[in-house]
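These notes are about the structure you will find just below.
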Amino acid sequence: MGLSRVRLFNRLSVRQAIATVLVALGLGLVFGLGKLYIEFHQDLERSHERFQQTLEIVETTASEAAYRLDEVMAMQVVRGLLAYPEVFSASLIDDTGAVLAHTRHVREQPSRVLWSPYGSVLNYSLRLTIQSEETFVGVLKIEVDGELLAGQLWQRSTEYLLTNLIRDLALCFLLTLVFFSMVTAP
């Protein structure tokens with residue numbers, strides 16, 4: 001009659017295994033969220049740099065179109081900028097404020113993100129000058145769909161968190177098995 005069976009969840013090894021799992025999952029979640037916070041800020045900076053560089057790529061052609069008041073060339077520049085799915089509006093304005101070319105396409109439906117680090121719309125502009133004379137000839141402007149960028153960022157973040165969660169669960173399971181076998185082994 002002397003030995004009684006200890007219930008499974010009252011065993012020290014099981015309680016330690018559960019504590020290990022909870023601590024590992026908690027640490028994984030904290031570090032994952034920290035990584036996402038850093039990723040949000042880096043992605044915001046990369047997006048700003050990317051669209052500013054996009055404007056700088058077409059700067060020479062846009063400046064020439066504005067200087068010559070060439071509406072056909074201006075429209076080619078503006079349509080080329082709309083090749084980026086995030087850009088939904090582009091304009092080339094001359095030095096008098098007259099619009100040489102403007103085009104926009106319908107924005108996709110908002111991606112219903114909880115929070116957008118970008119805002120709804122991002123505006124970028126580039127002052128156009130003729131390089132040889134440093135004469136102001138116009139402005140090139142684009143509008144970027146911040147919600148579309150945020151949706152892409154949230155999708156990457158969700159994938160990152162889910163893969164980290166699966167990895168952490170697998171690691172916890174393996175650690176629990178190792179620990180349980182070491183504690184209960186004769």
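We label chains A, B, ... in the order they appear in the structure tokens, count residues from 1 in each chain, and number ligands from 1 in the order shown.
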Exercise: A:Val137 partners within 8 Å, only C-alpha atoms, chain neighbours under 3 positions left out, as a PyMOL selection string
chain A and resi 63+66-67+94-95+128-130
Take the residues from that selection and put them in a file with N, CA and C atoms, as a JSON list (two decimals), in the first residue's frame.
```json
[["chain", "number", "residue", "atom", "x", "y", "z"],
["A", 63, "SER", "N", 13.32, 66.44, -66.61],
["A", 63, "SER", "CA", 13.82, 67.81, -66.72],
["A", 63, "SER", "C", 13.81, 68.28, -68.17],
["A", 66, "ALA", "N", 10.23, 68.96, -69.23],
["A", 66, "ALA", "CA", 9.74, 70.21, -68.66],
["A", 66, "ALA", "C", 10.40, 71.41, -69.32],
["A", 67, "TYR", "N", 11.67, 71.32, -69.61],
["A", 67, "TYR", "CA", 12.40, 72.43, -70.24],
["A", 67, "TYR", "C", 11.86, 72.69, -71.65],
["A", 94, "ASP", "N", 5.38, 72.09, -64.94],
["A", 94, "ASP", "CA", 6.47, 72.97, -65.38],
["A", 94, "ASP", "C", 6.70, 74.10, -64.38],
["A", 95, "ASP", "N", 7.64, 74.99, -64.69],
["A", 95, "ASP", "CA", 8.03, 76.06, -63.76],
["A", 95, "ASP", "C", 6.96, 77.11, -63.55],
["A", 128, "LEU", "N", 13.00, 69.80, -60.46],
["A", 128, "LEU", "CA", 13.70, 69.54, -61.72],
["A", 128, "LEU", "C", 14.47, 70.78, -62.16],
["A", 129, "THR", "N", 15.72, 70.57, -62.52],
["A", 129, "THR", "CA", 16.56, 71.66, -63.01],
["A", 129, "THR", "C", 17.32, 71.17, -64.24],
["A", 130, "ILE", "N", 17.73, 72.13, -65.05],
["A", 130, "ILE", "CA", 18.63, 71.82, -66.16],
["A", 130, "ILE", "C", 20.03, 71.86, -65.57]]
```
Closest contacts (stretch 1-64 of chain A/stretch 159-182 of chain A, max 8 Å, only C-alpha atoms) as JSON lines:
```
{"residue": "A:Ser13", "atom": "CA", "partner": "A:Phe180", "partner_atom": "CA", "distance": 6.3}
{"residue": "A:Val14", "atom": "CA", "partner": "A:Phe180", "partner_atom": "CA", "distance": 7.6}
{"residue": "A:Ala17", "atom": "CA", "partner": "A:Thr176", "partner_atom": "CA", "distance": 5.3}
{"residue": "A:Thr20", "atom": "CA", "partner": "A:Cys172", "partner_atom": "CA", "distance": 7.2}
{"residue": "A:Val21", "atom": "CA", "partner": "A:Cys172", "partner_atom": "CA", "distance": 5.2}
{"residue": "A:Ala24", "atom": "CA", "partner": "A:Cys172", "partner_atom": "CA", "distance": 6.7}
{"residue": "A:Leu25", "atom": "CA", "partner": "A:Asp168", "partner_atom": "CA", "distance": 6.2}
{"residue": "A:Gly28", "atom": "CA", "partner": "A:Asp168", "partner_atom": "CA", "distance": 6.6}
{"residue": "A:Leu29", "atom": "CA", "partner": "A:Leu165", "partner_atom": "CA", "distance": 7.6}
{"residue": "A:Gly32", "atom": "CA", "partner": "A:Leu161", "partner_atom": "CA", "distance": 6.6}
```
Keeping only N, CA and C atoms, write those residues as an mmCIF file, in the first residue's frame.
```cif
data_model
loop_
_atom_site.group_PDB
_atom_site.id
_atom_site.type_symbol
_atom_site.label_atom_id
_atom_site.label_comp_id
_atom_site.auth_asym_id
_atom_site.auth_seq_id
_atom_site.Cartn_x
_atom_site.Cartn_y
_atom_site.Cartn_z
ATOM 1 N N SER A 13 8.934 16.913 -13.114
ATOM 2 C CA SER A 13 9.468 16.965 -14.475
ATOM 3 C C SER A 13 8.452 17.576 -15.443
ATOM 4 N N VAL A 14 7.190 17.264 -15.276
ATOM 5 C CA VAL A 14 6.159 17.810 -16.163
ATOM 6 C C VAL A 14 5.996 19.302 -15.904
ATOM 7 N N ALA A 17 8.892 21.033 -17.440
ATOM 8 C CA ALA A 17 8.767 21.034 -18.902
ATOM 9 C C ALA A 17 7.781 22.105 -19.350
ATOM 10 N N THR A 20 9.407 25.436 -18.979
ATOM 11 C CA THR A 20 10.391 25.635 -20.051
ATOM 12 C C THR A 20 9.704 26.046 -21.347
ATOM 13 N N VAL A 21 8.619 25.384 -21.671
ATOM 14 C CA VAL A 21 7.872 25.711 -22.887
ATOM 15 C C VAL A 21 7.358 27.145 -22.824
ATOM 16 N N ALA A 24 10.272 29.657 -23.097
ATOM 17 C CA ALA A 24 10.814 29.690 -24.462
ATOM 18 C C ALA A 24 9.853 30.397 -25.412
ATOM 19 N N LEU A 25 8.565 30.122 -25.292
ATOM 20 C CA LEU A 25 7.585 30.798 -26.151
ATOM 21 C C LEU A 25 7.524 32.297 -25.853
ATOM 22 N N GLY A 28 10.657 33.894 -27.250
ATOM 23 C CA GLY A 28 10.552 33.922 -28.707
ATOM 24 C C GLY A 28 9.611 35.021 -29.177
ATOM 25 N N LEU A 29 8.498 35.193 -28.473
ATOM 26 C CA LEU A 29 7.538 36.236 -28.833
ATOM 27 C C LEU A 29 8.119 37.625 -28.603
ATOM 28 N N GLY A 32 10.804 38.227 -31.212
ATOM 29 C CA GLY A 32 10.159 38.358 -32.517
ATOM 30 C C GLY A 32 9.506 39.719 -32.689
#
```
Just the residues within 12 Å of A:Gln52, please, counting only C-alpha atoms, with nothing from its chain fewer than 2 positions along; format it as a CSV table (one decimal) with N, CA, C and O atoms, in the first residue's frame.
```
chain,number,residue,atom,x,y,z
A,45,GLU,N,12.3,53.4,-44.0
A,45,GLU,CA,13.4,54.0,-44.6
A,45,GLU,C,13.7,53.5,-46.0
A,45,GLU,O,14.0,54.3,-46.9
A,46,ARG,N,13.7,52.2,-46.1
A,46,ARG,CA,14.0,51.6,-47.5
A,46,ARG,C,12.9,52.1,-48.5
A,46,ARG,O,13.3,52.4,-49.6
A,47,SER,N,11.7,52.2,-48.1
A,47,SER,CA,10.6,52.6,-49.0
A,47,SER,C,10.9,54.1,-49.4
A,47,SER,O,10.7,54.4,-50.6
A,48,HIS,N,11.2,54.9,-48.5
A,48,HIS,CA,11.4,56.3,-48.8
A,48,HIS,C,12.6,56.4,-49.8
A,48,HIS,O,12.6,57.2,-50.8
A,49,GLU,N,13.7,55.7,-49.5
A,49,GLU,CA,14.9,55.7,-50.4
A,49,GLU,C,14.5,55.2,-51.8
A,49,GLU,O,14.9,55.8,-52.8
A,50,ARG,N,13.7,54.1,-51.8
A,50,ARG,CA,13.4,53.5,-53.1
A,50,ARG,C,12.6,54.4,-54.0
A,50,ARG,O,12.9,54.6,-55.2
A,54,THR,N,13.7,56.3,-57.4
A,54,THR,CA,12.9,56.1,-58.6
A,54,THR,C,12.7,57.4,-59.3
A,54,THR,O,12.8,57.5,-60.5
A,55,LEU,N,12.4,58.5,-58.5
A,55,LEU,CA,12.3,59.8,-59.1
A,55,LEU,C,13.6,60.3,-59.7
A,55,LEU,O,13.7,60.9,-60.8
A,56,GLU,N,14.7,60.0,-59.0
A,56,GLU,CA,16.0,60.4,-59.5
A,56,GLU,C,16.4,59.7,-60.8
A,56,GLU,O,17.1,60.3,-61.6
A,57,ILE,N,15.9,58.5,-61.0
A,57,ILE,CA,16.2,57.7,-62.2
A,57,ILE,C,15.7,58.5,-63.4
A,57,ILE,O,16.3,58.5,-64.5
A,58,VAL,N,14.5,59.0,-63.3
A,58,VAL,CA,13.8,59.7,-64.5
A,58,VAL,C,14.1,61.2,-64.5
A,58,VAL,O,13.5,61.9,-65.3
A,59,GLU,N,14.9,61.6,-63.6
A,59,GLU,CA,15.1,63.1,-63.4
A,59,GLU,C,15.6,63.8,-64.7
A,59,GLU,O,15.0,64.8,-65.1
A,81,LEU,N,6.4,55.8,-64.5
A,81,LEU,CA,6.4,55.8,-63.0
A,81,LEU,C,5.2,54.9,-62.5
A,81,LEU,O,5.3,54.3,-61.4
A,122,LEU,N,1.6,58.4,-49.4
A,122,LEU,CA,2.9,59.0,-49.3
A,122,LEU,C,3.1,59.9,-50.6
A,122,LEU,O,2.9,59.4,-51.7
A,123,ASN,N,3.6,61.1,-50.4
A,123,ASN,CA,3.8,62.0,-51.4
A,123,ASN,C,5.3,62.2,-51.6
A,123,ASN,O,6.0,62.5,-50.6
A,124,TYR,N,5.8,62.1,-52.8
A,124,TYR,CA,7.2,62.4,-53.1
A,124,TYR,C,7.3,63.4,-54.3
A,124,TYR,O,6.4,63.3,-55.2
A,125,SER,N,8.2,64.2,-54.2
A,125,SER,CA,8.4,65.2,-55.3
A,125,SER,C,9.9,65.4,-55.5
A,125,SER,O,10.7,65.2,-54.6
A,126,LEU,N,10.2,65.8,-56.7
A,126,LEU,CA,11.6,66.1,-57.1
A,126,LEU,C,11.6,67.4,-57.9
A,126,LEU,O,10.9,67.6,-58.9
A,127,ARG,N,12.4,68.3,-57.4
A,127,ARG,CA,12.6,69.6,-58.1
A,127,ARG,C,13.5,69.4,-59.3
A,127,ARG,O,14.6,68.8,-59.2
A,140,LEU,N,8.4,67.1,-60.4
A,140,LEU,CA,7.9,65.7,-60.7
A,140,LEU,C,7.3,65.2,-59.4
A,140,LEU,O,8.0,65.2,-58.4
A,141,LYS,N,6.1,64.8,-59.4
A,141,LYS,CA,5.4,64.4,-58.2
A,141,LYS,C,4.8,63.0,-58.4
A,141,LYS,O,4.3,62.7,-59.4
A,142,ILE,N,4.9,62.2,-57.3
A,142,ILE,CA,4.2,60.9,-57.3
A,142,ILE,C,3.5,60.7,-56.0
A,142,ILE,O,3.9,61.3,-55.0
A,143,GLU,N,2.4,59.9,-56.0
A,143,GLU,CA,1.7,59.6,-54.8
A,143,GLU,C,1.7,58.0,-54.7
A,143,GLU,O,1.5,57.3,-55.7
A,144,VAL,N,2.1,57.6,-53.6
A,144,VAL,CA,2.3,56.1,-53.3
A,144,VAL,C,1.2,55.7,-52.3
A,144,VAL,O,0.9,56.3,-51.3
```
Filtered DSSP result for chain A, state strand (DSSP E or B), as a PyMOL selection string:
chain A and resi 87-94+99-104+121-130+135-145
For the atom pair atom CA of A:His105 and atom CA of A:Leu153, what is the interatomic distance in Å to one decimal place?
22.2 Å
Which residues in stretch 35-186 of chain A does DSSP call helix (DSSP H, G or I)? List them as a ChimeraX atom specification.
/A:35-57,59-68,71-81,146-184
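The interatomic distance for the pair atom CA of A:Thr60 and atom CA of A:Val87 works out to 19.7 Å.
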Two-atom distance - atom CA of A:Ala101, atom CA of A:Val78 (Å):
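Atom-to-atom, atom CA of A:Ala101 to atom CA of A:Val78, that is 6.8 Å.
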